[in-house]
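A short worksheet on the structure shown next.
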Amino acid sequence: MPIQYYIAFASTLFCIGIVGVLTRRNAIIIFMCIELMLNAVNLLLVAFSKMHYASAVAAGNNLNAGIDGQLFVFFIMVVAAAEVSVGLAIIVMMYRNVHSVDVNFLNRLKN
Amino acid sequence: MNSLVYLIPLFPLAGFLINGLLRKSLSKWLIGVIGSTTILASFIVSLVLFFQVKSSGALPVDPLFTFINTDTFKIEFAFQVDQLSSLFLLIITGVGFLIHLYSSAYMHEEKPEHFGRYFAYLNLFVFSMLLLVLGANYVIMFIGWEGVGLCSYLLIGYWFKNNDYNYAAKKAFIMNRIGDLGFLLAVFWLLSKLGTVAYGEVFSQVSKLSPTDITGITVLLFVGAMGKSAQIPLYTWLPDAMAGPTPVSALIHAATMVTAGIYMVARSNALYSLSEITQHLIAIIGIATALLSATIAIKQNDIKKVLAYSTVSQLGYMFLGLGVGAYTGAVFHVMTHAFFKALLFLGAGSVIHAMHHEQDIRNMGGLKKYLPATHWTFLLACIAISGIPPFSGFFSKDEILAAAYAKNPVYWVLGVAGAAMTAFYMFRLYATTFLGTFRGTHDQEHHLHESPSAMTIPLIILAVLSVIGGFVGVPEVLGGHHLLHEFLSPVLTTEKEAELPHSTEYMLMGISVAIAAIAILIAVSRYSKKPELGEPEGFGKVLANKWYVDELYDNMIVKPLGALASALKNIVEKSGIDGLVNGVGRFVQYSSRQLRLLQSGQVGGYILFMVLSIVVLFLLFWNQVVITNFLQKIF
């Protein structure tokens, strides 16, 4: 499959994530949208990695090409997992305190 | 020998410092003694120097120190004693001393500290004037020139609690400043063309100057003289200077200040003789001033105002003399005028003193029998100023008029008309004040008394001088010997005075004396019995209001300037400068108030901005090539 499809698909996912973050008020949905964006990036990284590998094999040199992209994906997944644990903990605490997961309720940064 | 010269200004300076600094602790008697003796000491030194100059010519004086030293020119703080300055020294210190003596009695009602302040100013005044005539270059003269301006301001506004007096003082100062600017420009002009301002060097290098330069310099110097010596158009300060104590008026009008302009022009005669245009200008302004102020004096009712306008008028004569090249005549008239004008002012002071500060002559009359000494001396001064032989005013005025006739008979006709008016208003003043019946209140009549001897002695001395002072310059036509002319000849260029035939001179003298005598008779017969007490009407009102010149200046200069200033204040300052400064502040405040709204506390909003910014940055870098091309194109 040509790389364009991957790019288009990943961009779509990313945009859905952004729009979700911007428009939704439910903290859990926002969280999911963030995950969506992260995974869109992961997908793109993997896709480019494969592309580079394929072109390197075709040229007949450096069979390690594109491996760093896949490594990044693992890092991102680790970070995402850590983030989920912290984020969910915050959401739980938030729910316990205000009995709501509406982020707009937490506008005390104002003033 | 030479160091004697330094003593002359040093004495008044010391008197100024002692009286000024210790005015609160010294007694009035001591202040008066210090103030007067310092001037007396200067007078004695001046007298010694005068006889030295008379026997051996100008005295060389070593410069005191270098005042200004630059690459291109050097100005010494140097004094110069020659015939002209030694004569002025005598007038200043001699008449000045009498005025100081008189003041010590006249001002006795003042509190000690104000009395001390008065004498300090008076001494400083004499000091400045001495500096002015002693200076050996224009810069030293300018120091004295400014000094007398300052002192006149201080003394005119001596009773500073009266706002009118303060205005008069300010008027004098500002009018003088206008003239001073001309003087200063002339000095700069001299410096730039010749690189020197010392009299000797300037006059010996006159040939280096182009005619335009000479005309420019002399006209600018004359502008300075206009201010200081109260000529049209800068004369209006002098009558207002009457706000000061009467002896101050005497000092300003007779010994110091107003004679500065005459001295300066006479001193620069080497320059003035070379510029026909300036001489004409001086003569015309002089005669115009003489006539204008003489007409005003006819209708004034304040005893001091009459004398003030008469001073302006006499100064006009002196400038007429300078303009027609009769430098000796002008200096001669300065001298005789110093005698009789000081006498008139001091006599007026004596009258005012006796009348308890009444200055309106309509409330006087018949003072002859109450104030005999004042009356007789005043009468002598009136005769002297009217130009009746053999009193001093006759000789000096006649010399000027004869020179004017030689130059242009029109000047002579106008001059004689002015002289007739002088005789008329002086005797109008005399008759209204001293003849007829007393018109003041009973209270005043009861207190009428002759002044103390400290006041009458100066009057008598001045009266004697007014009578005999003219004999130093008896013209040859009367079989005399012009001593003054001879004395001053080394410093004053004697113009090829067109020698008039003796018969013409007799005729001129006869006419002017006859006209003056007729004017006196008319004035005495008209005003001794029934003086004009009412308000003047018709043309007289114009004269009484001084031709509305003050109003004219007010409307033409003061008001437009005031309007301009208030326009600048209200429009340029308020909306321009304030608007700009406040506008910057308001803009910052306004914009921050609007920007504040961005911080809504809605996390979603922040994220939206973040995303939008990223998109914008993304687009920018996407089009980087386009942007760099664009930037390259515009820069």
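Please note that chains go A, B, ... in the order of the structure tokens, that every chain numbers its residues from 1, and that ligands are numbered from 1 in the order shown.
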(message) Can you tell me which residues surround B:Glu76 at a distance of at most 9 Å, considering only C-alpha atoms, apart from same-chain residues fewer than 6 positions away, and format the answer as a list in words?
(response)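 So, after excluding close chain neighbours, the residues are Pro63, Leu64, Phe65, Thr66, Phe67, Ile68, Asn69, Ala136, Asn137, Val139, Ile140 and Ala198 of chain B.
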Expected file contents, prior selection, N, CA and C atoms, as a PDB file, in the first residue's frame:
ATOM      1  N   PRO B  63      45.677  94.592  32.896  1.00  0.00           N
ATOM      2  CA  PRO B  63      44.499  93.725  33.020  1.00  0.00           C
ATOM      3  C   PRO B  63      44.551  92.935  34.330  1.00  0.00           C
ATOM      4  N   LEU B  64      43.398  92.696  34.901  1.00  0.00           N
ATOM      5  CA  LEU B  64      43.325  92.018  36.185  1.00  0.00           C
ATOM      6  C   LEU B  64      43.570  90.525  36.003  1.00  0.00           C
ATOM      7  N   PHE B  65      42.862  89.928  35.087  1.00  0.00           N
ATOM      8  CA  PHE B  65      43.074  88.518  34.758  1.00  0.00           C
ATOM      9  C   PHE B  65      42.427  88.257  33.414  1.00  0.00           C
ATOM     10  N   THR B  66      42.712  87.078  32.857  1.00  0.00           N
ATOM     11  CA  THR B  66      42.095  86.746  31.578  1.00  0.00           C
ATOM     12  C   THR B  66      40.723  86.171  31.847  1.00  0.00           C
ATOM     13  N   PHE B  67      39.749  86.817  31.294  1.00  0.00           N
ATOM     14  CA  PHE B  67      38.368  86.452  31.608  1.00  0.00           C
ATOM     15  C   PHE B  67      37.934  85.254  30.773  1.00  0.00           C
ATOM     16  N   ILE B  68      38.175  85.340  29.469  1.00  0.00           N
ATOM     17  CA  ILE B  68      37.831  84.238  28.577  1.00  0.00           C
ATOM     18  C   ILE B  68      39.042  83.987  27.701  1.00  0.00           C
ATOM     19  N   ASN B  69      39.422  82.743  27.601  1.00  0.00           N
ATOM     20  CA  ASN B  69      40.605  82.424  26.808  1.00  0.00           C
ATOM     21  C   ASN B  69      40.286  81.237  25.914  1.00  0.00           C
ATOM     22  N   ALA B 136      37.475  97.865  29.772  1.00  0.00           N
ATOM     23  CA  ALA B 136      38.300  98.215  28.621  1.00  0.00           C
ATOM     24  C   ALA B 136      37.873  97.458  27.384  1.00  0.00           C
ATOM     25  N   ASN B 137      36.809  96.695  27.483  1.00  0.00           N
ATOM     26  CA  ASN B 137      36.299  96.040  26.286  1.00  0.00           C
ATOM     27  C   ASN B 137      34.796  95.875  26.424  1.00  0.00           C
ATOM     28  N   VAL B 139      32.944  93.307  26.522  1.00  0.00           N
ATOM     29  CA  VAL B 139      32.419  92.251  27.391  1.00  0.00           C
ATOM     30  C   VAL B 139      32.324  92.739  28.832  1.00  0.00           C
ATOM     31  N   ILE B 140      33.366  93.452  29.288  1.00  0.00           N
ATOM     32  CA  ILE B 140      33.291  93.994  30.648  1.00  0.00           C
ATOM     33  C   ILE B 140      32.160  95.014  30.717  1.00  0.00           C
ATOM     34  N   ALA B 198      38.326  94.395  22.654  1.00  0.00           N
ATOM     35  CA  ALA B 198      38.945  95.501  23.386  1.00  0.00           C
ATOM     36  C   ALA B 198      38.798  96.776  22.561  1.00  0.00           C
TER      37      ALA B 198
END
(message) Counting only C-alpha atoms, a student should be able to say which residues of chain B come within 8 Å of chain A; what is the right answer, written as a list in words?
(response) Gln599, Ser600, Gly601, Gln602, Val603, Gly604, Gly605, Ile607 and Leu608 of chain B
Please produce an output containing all heavy atoms for each residue in the selection, written as a PDB file, in the first residue's frame.
ATOM      1  N   GLN B 599      -7.149  35.045  28.804  1.00  0.00           N
ATOM      2  CA  GLN B 599      -6.898  34.128  29.914  1.00  0.00           C
ATOM      3  C   GLN B 599      -8.224  33.832  30.598  1.00  0.00           C
ATOM      4  O   GLN B 599      -8.557  34.363  31.635  1.00  0.00           O
ATOM      5  CB  GLN B 599      -5.921  34.764  30.906  1.00  0.00           C
ATOM      6  CG  GLN B 599      -5.329  33.753  31.854  1.00  0.00           C
ATOM      7  CD  GLN B 599      -4.653  34.413  33.025  1.00  0.00           C
ATOM      8  OE1 GLN B 599      -4.632  35.625  33.125  1.00  0.00           O
ATOM      9  NE2 GLN B 599      -4.092  33.598  33.901  1.00  0.00           N
ATOM     10  N   SER B 600      -8.988  32.917  29.932  1.00  0.00           N
ATOM     11  CA  SER B 600     -10.351  32.689  30.402  1.00  0.00           C
ATOM     12  C   SER B 600     -10.403  31.628  31.484  1.00  0.00           C
ATOM     13  O   SER B 600     -11.406  31.488  32.158  1.00  0.00           O
ATOM     14  CB  SER B 600     -11.223  32.256  29.227  1.00  0.00           C
ATOM     15  OG  SER B 600     -10.648  31.099  28.660  1.00  0.00           O
ATOM     16  N   GLY B 601      -9.327  30.863  31.643  1.00  0.00           N
ATOM     17  CA  GLY B 601      -9.368  29.767  32.601  1.00  0.00           C
ATOM     18  C   GLY B 601      -9.941  28.492  31.984  1.00  0.00           C
ATOM     19  O   GLY B 601      -9.896  27.430  32.585  1.00  0.00           O
ATOM     20  N   GLN B 602     -10.485  28.608  30.768  1.00  0.00           N
ATOM     21  CA  GLN B 602     -10.985  27.416  30.081  1.00  0.00           C
ATOM     22  C   GLN B 602      -9.818  26.710  29.427  1.00  0.00           C
ATOM     23  O   GLN B 602      -9.206  27.236  28.508  1.00  0.00           O
ATOM     24  CB  GLN B 602     -11.996  27.823  29.004  1.00  0.00           C
ATOM     25  CG  GLN B 602     -13.148  28.663  29.475  1.00  0.00           C
ATOM     26  CD  GLN B 602     -14.164  27.836  30.259  1.00  0.00           C
ATOM     27  OE1 GLN B 602     -14.109  26.605  30.251  1.00  0.00           O
ATOM     28  NE2 GLN B 602     -15.068  28.497  30.950  1.00  0.00           N
ATOM     29  N   VAL B 603      -9.527  25.521  29.913  1.00  0.00           N
ATOM     30  CA  VAL B 603      -8.384  24.786  29.362  1.00  0.00           C
ATOM     31  C   VAL B 603      -8.577  24.552  27.883  1.00  0.00           C
ATOM     32  O   VAL B 603      -7.649  24.649  27.096  1.00  0.00           O
ATOM     33  CB  VAL B 603      -8.215  23.451  30.115  1.00  0.00           C
ATOM     34  CG1 VAL B 603      -7.013  22.706  29.587  1.00  0.00           C
ATOM     35  CG2 VAL B 603      -8.087  23.712  31.594  1.00  0.00           C
ATOM     36  N   GLY B 604      -9.811  24.320  27.518  1.00  0.00           N
ATOM     37  CA  GLY B 604     -10.108  24.081  26.105  1.00  0.00           C
ATOM     38  C   GLY B 604      -9.696  25.242  25.233  1.00  0.00           C
ATOM     39  O   GLY B 604      -9.129  25.058  24.157  1.00  0.00           O
ATOM     40  N   GLY B 605      -9.925  26.426  25.762  1.00  0.00           N
ATOM     41  CA  GLY B 605      -9.539  27.624  24.998  1.00  0.00           C
ATOM     42  C   GLY B 605      -8.041  27.674  24.798  1.00  0.00           C
ATOM     43  O   GLY B 605      -7.558  27.952  23.693  1.00  0.00           O
ATOM     44  N   ILE B 607      -5.994  25.246  24.749  1.00  0.00           N
ATOM     45  CA  ILE B 607      -5.570  24.212  23.798  1.00  0.00           C
ATOM     46  C   ILE B 607      -5.895  24.646  22.380  1.00  0.00           C
ATOM     47  O   ILE B 607      -5.097  24.465  21.466  1.00  0.00           O
ATOM     48  CB  ILE B 607      -6.247  22.869  24.137  1.00  0.00           C
ATOM     49  CG1 ILE B 607      -5.806  22.421  25.529  1.00  0.00           C
ATOM     50  CG2 ILE B 607      -5.860  21.815  23.132  1.00  0.00           C
ATOM     51  CD1 ILE B 607      -6.577  21.232  26.042  1.00  0.00           C
ATOM     52  N   LEU B 608      -7.030  25.269  22.232  1.00  0.00           N
ATOM     53  CA  LEU B 608      -7.401  25.742  20.902  1.00  0.00           C
ATOM     54  C   LEU B 608      -6.349  26.712  20.371  1.00  0.00           C
ATOM     55  O   LEU B 608      -5.889  26.598  19.240  1.00  0.00           O
ATOM     56  CB  LEU B 608      -8.764  26.427  20.963  1.00  0.00           C
ATOM     57  CG  LEU B 608      -9.253  27.001  19.631  1.00  0.00           C
ATOM     58  CD1 LEU B 608      -9.451  25.875  18.618  1.00  0.00           C
ATOM     59  CD2 LEU B 608     -10.533  27.779  19.798  1.00  0.00           C
TER      60      LEU B 608
END
(message) For a quick check of understanding, using only C-alpha atoms, which of B:Lys407, B:Lys341, B:Arg428, B:His447 has the smallest distance to B:Tyr370?
(response)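 Smallest distance to B:Tyr370 is found for B:His447.
Across the structure, atom CA of B:Arg117 and atom CA of B:Ser451 are spaced 23.2 Å apart.
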(request) Mind checking which residues fall within 12 Å of B:Trp412, counting only C-alpha atoms, ignoring those fewer than 2 positions away in the same chain, and posting them as a VMD selection string? (result) chain B and resid 283 to 284 287 317 320 to 321 324 397 to 410 414 to 419 505 508 to 509 511 to 512
Please produce a file of the residues just selected, as a tab-separated table (two decimals), in the first residue's frame, where the atoms kept are N, CA, C and O atoms.
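Dumped everything to result_31.tsv:
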chain	number	residue	atom	x	y	z
B	283	ALA	N	19.80	109.91	15.10
B	283	ALA	CA	19.29	111.28	15.19
B	283	ALA	C	17.77	111.29	15.09
B	283	ALA	O	17.08	111.97	15.86
B	284	ILE	N	17.23	110.48	14.16
B	284	ILE	CA	15.77	110.50	13.98
B	284	ILE	C	15.09	109.93	15.21
B	284	ILE	O	14.12	110.50	15.73
B	287	ILE	N	15.34	112.46	18.13
B	287	ILE	CA	14.45	113.63	18.09
B	287	ILE	C	13.00	113.20	18.23
B	287	ILE	O	12.18	113.86	18.90
B	317	TYR	N	17.42	114.14	23.25
B	317	TYR	CA	18.36	115.19	22.82
B	317	TYR	C	19.78	114.67	22.74
B	317	TYR	O	20.53	114.96	21.81
B	320	LEU	N	20.14	112.71	19.76
B	320	LEU	CA	20.20	113.61	18.61
B	320	LEU	C	21.62	114.13	18.46
B	320	LEU	O	22.19	114.15	17.36
B	321	GLY	N	22.21	114.53	19.58
B	321	GLY	CA	23.59	115.01	19.56
B	321	GLY	C	24.53	113.95	19.02
B	321	GLY	O	25.38	114.22	18.17
B	324	VAL	N	24.09	113.49	15.26
B	324	VAL	CA	24.62	114.51	14.36
B	324	VAL	C	26.12	114.70	14.56
B	324	VAL	O	26.72	115.62	14.03
B	397	LYS	N	22.53	122.07	25.81
B	397	LYS	CA	21.46	121.92	24.82
B	397	LYS	C	21.78	122.74	23.57
B	397	LYS	O	21.56	122.30	22.45
B	398	ASP	N	22.31	123.92	23.80
B	398	ASP	CA	22.65	124.77	22.67
B	398	ASP	C	23.69	124.12	21.77
B	398	ASP	O	23.62	124.21	20.55
B	399	GLU	N	24.64	123.46	22.40
B	399	GLU	CA	25.69	122.82	21.60
B	399	GLU	C	25.08	121.74	20.71
B	399	GLU	O	25.41	121.63	19.52
B	400	ILE	N	24.17	120.95	21.30
B	400	ILE	CA	23.52	119.90	20.51
B	400	ILE	C	22.70	120.52	19.39
B	400	ILE	O	22.76	120.09	18.23
B	401	LEU	N	21.94	121.56	19.73
B	401	LEU	CA	21.07	122.16	18.72
B	401	LEU	C	21.88	122.80	17.60
B	401	LEU	O	21.50	122.71	16.42
B	402	ALA	N	22.99	123.43	17.96
B	402	ALA	CA	23.82	124.04	16.92
B	402	ALA	C	24.36	122.99	15.97
B	402	ALA	O	24.35	123.15	14.75
B	403	ALA	N	24.80	121.86	16.56
B	403	ALA	CA	25.31	120.77	15.72
B	403	ALA	C	24.20	120.22	14.85
B	403	ALA	O	24.41	119.86	13.69
B	404	ALA	N	22.99	120.15	15.43
B	404	ALA	CA	21.85	119.64	14.66
B	404	ALA	C	21.54	120.56	13.49
B	404	ALA	O	21.25	120.11	12.39
B	405	TYR	N	21.64	121.87	13.75
B	405	TYR	CA	21.38	122.84	12.69
B	405	TYR	C	22.39	122.69	11.57
B	405	TYR	O	22.03	122.72	10.38
B	406	ALA	N	23.64	122.48	11.96
B	406	ALA	CA	24.69	122.33	10.95
B	406	ALA	C	24.43	121.11	10.09
B	406	ALA	O	24.73	121.10	8.90
B	407	LYS	N	23.87	120.08	10.70
B	407	LYS	CA	23.63	118.84	9.97
B	407	LYS	C	22.37	118.97	9.11
B	407	LYS	O	22.37	118.63	7.93
B	408	ASN	N	21.31	119.44	9.73
B	408	ASN	CA	20.04	119.54	9.02
B	408	ASN	C	19.12	120.47	9.81
B	408	ASN	O	18.76	120.17	10.94
B	409	PRO	N	18.75	121.60	9.22
B	409	PRO	CA	17.94	122.57	9.98
B	409	PRO	C	16.62	122.00	10.50
B	409	PRO	O	16.09	122.49	11.49
B	410	VAL	N	16.11	120.93	9.85
B	410	VAL	CA	14.85	120.35	10.32
B	410	VAL	C	15.03	119.84	11.75
B	410	VAL	O	14.17	120.03	12.62
B	414	LEU	N	12.79	121.00	15.05
B	414	LEU	CA	12.11	120.05	15.94
B	414	LEU	C	12.71	120.13	17.34
B	414	LEU	O	11.99	120.07	18.34
B	415	GLY	N	14.03	120.26	17.38
B	415	GLY	CA	14.69	120.33	18.68
B	415	GLY	C	14.22	121.54	19.47
B	415	GLY	O	13.96	121.44	20.68
B	416	VAL	N	14.09	122.68	18.79
B	416	VAL	CA	13.63	123.88	19.50
B	416	VAL	C	12.19	123.71	19.95
B	416	VAL	O	11.82	124.11	21.07
B	417	ALA	N	11.38	123.05	19.11
B	417	ALA	CA	10.00	122.78	19.52
B	417	ALA	C	10.00	121.95	20.80
B	417	ALA	O	9.25	122.22	21.76
B	418	GLY	N	10.86	120.92	20.82
B	418	GLY	CA	10.96	120.09	22.01
B	418	GLY	C	11.42	120.90	23.21
B	418	GLY	O	10.91	120.74	24.32
B	419	ALA	N	12.39	121.78	22.97
B	419	ALA	CA	12.91	122.59	24.08
B	419	ALA	C	11.82	123.50	24.63
B	419	ALA	O	11.71	123.69	25.85
B	505	GLU	N	24.89	131.53	14.72
B	505	GLU	CA	24.83	130.95	16.06
B	505	GLU	C	24.10	131.87	17.03
B	505	GLU	O	23.31	131.40	17.85
B	508	LEU	N	20.45	131.45	16.33
B	508	LEU	CA	19.90	130.18	16.84
B	508	LEU	C	19.69	130.25	18.34
B	508	LEU	O	18.65	129.87	18.86
B	509	MET	N	20.72	130.73	19.03
B	509	MET	CA	20.62	130.84	20.49
B	509	MET	C	19.47	131.75	20.88
B	509	MET	O	18.66	131.42	21.75
B	511	ILE	N	16.82	132.58	19.23
B	511	ILE	CA	15.48	132.02	18.98
B	511	ILE	C	15.14	131.00	20.04
B	511	ILE	O	14.05	131.03	20.65
B	512	SER	N	16.06	130.06	20.32
B	512	SER	CA	15.70	128.98	21.25
B	512	SER	C	15.46	129.54	22.64
B	512	SER	O	14.53	129.13	23.33
(message) Would you pick out the contacts of stretch 44-59 of chain B at 9 Å or less, using only C-alpha atoms, so that residues sharing its chain but fewer than 5 positions from it are not included, and give the list as a PyMOL selection string?
(response) chain B and resi 2+4-5+7-8+39+80-83+86-87+89-90+93-94+487+490
Would you output that residue set with N, CA and C atoms, as a PDB file, in the first residue's frame?
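Writing done, so here's again-v4.pdb:
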ATOM      1  N   ASN B   2      48.387 102.537  39.239  1.00  0.00           N
ATOM      2  CA  ASN B   2      47.309 101.917  38.492  1.00  0.00           C
ATOM      3  C   ASN B   2      46.300 101.247  39.403  1.00  0.00           C
ATOM      4  N   LEU B   4      45.049 102.141  41.954  1.00  0.00           N
ATOM      5  CA  LEU B   4      44.005 103.037  42.451  1.00  0.00           C
ATOM      6  C   LEU B   4      42.684 102.798  41.724  1.00  0.00           C
ATOM      7  N   VAL B   5      42.797 102.471  40.445  1.00  0.00           N
ATOM      8  CA  VAL B   5      41.597 102.293  39.626  1.00  0.00           C
ATOM      9  C   VAL B   5      40.707 101.211  40.219  1.00  0.00           C
ATOM     10  N   LEU B   7      40.288 100.414  43.146  1.00  0.00           N
ATOM     11  CA  LEU B   7      39.590 100.818  44.363  1.00  0.00           C
ATOM     12  C   LEU B   7      38.201 101.366  44.038  1.00  0.00           C
ATOM     13  N   ILE B   8      38.067 101.985  42.873  1.00  0.00           N
ATOM     14  CA  ILE B   8      36.806 102.687  42.575  1.00  0.00           C
ATOM     15  C   ILE B   8      35.617 101.734  42.609  1.00  0.00           C
ATOM     16  N   ILE B  39      30.712 105.258  48.592  1.00  0.00           N
ATOM     17  CA  ILE B  39      30.613 106.006  47.342  1.00  0.00           C
ATOM     18  C   ILE B  39      31.475 107.267  47.418  1.00  0.00           C
ATOM     19  N   GLN B  80      39.989 100.522  31.970  1.00  0.00           N
ATOM     20  CA  GLN B  80      40.590 101.547  31.139  1.00  0.00           C
ATOM     21  C   GLN B  80      40.153 102.893  31.693  1.00  0.00           C
ATOM     22  N   VAL B  81      41.099 103.739  31.966  1.00  0.00           N
ATOM     23  CA  VAL B  81      40.750 105.063  32.455  1.00  0.00           C
ATOM     24  C   VAL B  81      41.257 106.077  31.456  1.00  0.00           C
ATOM     25  N   ASP B  82      40.331 106.690  30.747  1.00  0.00           N
ATOM     26  CA  ASP B  82      40.731 107.779  29.871  1.00  0.00           C
ATOM     27  C   ASP B  82      39.819 108.965  30.147  1.00  0.00           C
ATOM     28  N   GLN B  83      39.848 109.941  29.288  1.00  0.00           N
ATOM     29  CA  GLN B  83      39.104 111.166  29.555  1.00  0.00           C
ATOM     30  C   GLN B  83      37.616 110.881  29.711  1.00  0.00           C
ATOM     31  N   SER B  86      36.842 108.802  32.907  1.00  0.00           N
ATOM     32  CA  SER B  86      37.078 109.521  34.158  1.00  0.00           C
ATOM     33  C   SER B  86      35.992 110.566  34.387  1.00  0.00           C
ATOM     34  N   LEU B  87      35.501 111.137  33.302  1.00  0.00           N
ATOM     35  CA  LEU B  87      34.402 112.100  33.457  1.00  0.00           C
ATOM     36  C   LEU B  87      33.148 111.400  33.967  1.00  0.00           C
ATOM     37  N   LEU B  89      33.090 108.654  35.611  1.00  0.00           N
ATOM     38  CA  LEU B  89      33.321 108.231  36.993  1.00  0.00           C
ATOM     39  C   LEU B  89      32.931 109.338  37.948  1.00  0.00           C
ATOM     40  N   LEU B  90      33.321 110.562  37.606  1.00  0.00           N
ATOM     41  CA  LEU B  90      32.997 111.692  38.475  1.00  0.00           C
ATOM     42  C   LEU B  90      31.493 111.870  38.596  1.00  0.00           C
ATOM     43  N   THR B  93      29.954 108.742  40.627  1.00  0.00           N
ATOM     44  CA  THR B  93      30.238 108.688  42.058  1.00  0.00           C
ATOM     45  C   THR B  93      29.803 109.982  42.740  1.00  0.00           C
ATOM     46  N   GLY B  94      29.986 111.102  42.061  1.00  0.00           N
ATOM     47  CA  GLY B  94      29.631 112.379  42.681  1.00  0.00           C
ATOM     48  C   GLY B  94      28.137 112.484  42.912  1.00  0.00           C
ATOM     49  N   PHE B 487      39.159 118.666  26.683  1.00  0.00           N
ATOM     50  CA  PHE B 487      39.477 117.538  27.543  1.00  0.00           C
ATOM     51  C   PHE B 487      39.158 116.223  26.856  1.00  0.00           C
ATOM     52  N   PRO B 490      40.867 113.739  22.903  1.00  0.00           N
ATOM     53  CA  PRO B 490      41.619 112.524  22.552  1.00  0.00           C
ATOM     54  C   PRO B 490      40.740 111.304  22.319  1.00  0.00           C
TER      55      PRO B 490
END
(message) DSSP on the backbone, helix (DSSP H, G or I) only: what residues of stretch 19-209 of chain B does that give? Format it as a ChimeraX atom specification.
(response) /B:19-21,28-56,83-106,112-134,138-156,163-194,199-204,206-208
(message) Here is a test: counting only C-alpha atoms, which residue of B:Thr456, B:Thr336, B:Asn545, B:Ser25 is nearest to B:Gly469?
(response)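 The closest residue to B:Gly469 is B:Thr336.
The spacing separating atom CA of B:Leu30 from atom CA of B:Asn162 amounts to 27.8 Å.
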(request) Identify which of the residues B:Tyr118, B:Trp159, B:Tyr548, B:Phe88 lies closest to B:Arg23, counting only C-alpha atoms when measuring atom-to-atom distances. (result)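 Closest to B:Arg23, using only C-alpha atoms: B:Tyr118.
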(message) Applying 9 Å and only C-alpha atoms, which residues near B:Met335 remain after dropping the ones on its own chain fewer than 4 positions away? List them as a PyMOL selection string.
(response) chain B and resi 87-88+91+254-255+330-331+339+396+469
With C-alpha atoms retained, export the selected residues as a PDB file, in the first residue's frame.
ATOM      1  CA  LEU B  87      34.402 112.100  33.457  1.00  0.00           C
ATOM      2  CA  PHE B  88      31.690 109.499  33.821  1.00  0.00           C
ATOM      3  CA  ILE B  91      29.354 111.988  37.486  1.00  0.00           C
ATOM      4  CA  ALA B 254      20.798 111.008  36.463  1.00  0.00           C
ATOM      5  CA  ALA B 255      23.895 109.134  37.454  1.00  0.00           C
ATOM      6  CA  ALA B 330      25.971 114.684  24.130  1.00  0.00           C
ATOM      7  CA  VAL B 331      28.437 113.890  26.917  1.00  0.00           C
ATOM      8  CA  PHE B 339      23.042 117.627  37.869  1.00  0.00           C
ATOM      9  CA  SER B 396      24.796 121.734  26.589  1.00  0.00           C
ATOM     10  CA  GLY B 469      28.056 123.305  35.524  1.00  0.00           C
TER      11      GLY B 469
END
(request) Give me, please, the distance in Å between atom CA of B:Leu101 and atom CA of B:Ala250, quoted to one decimal. (result)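 Answer for the atom CA of B:Leu101 to atom CA of B:Ala250 separation: 12.4 Å.
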(message) Could you list, as a PyMOL selection string, every residue within 12 Å of stretch 39-51 of chain A, counting only C-alpha atoms and ignoring same-chain residues fewer than 4 positions away?
(response) chain A and resi 1-18+32-35+55-58+63-81
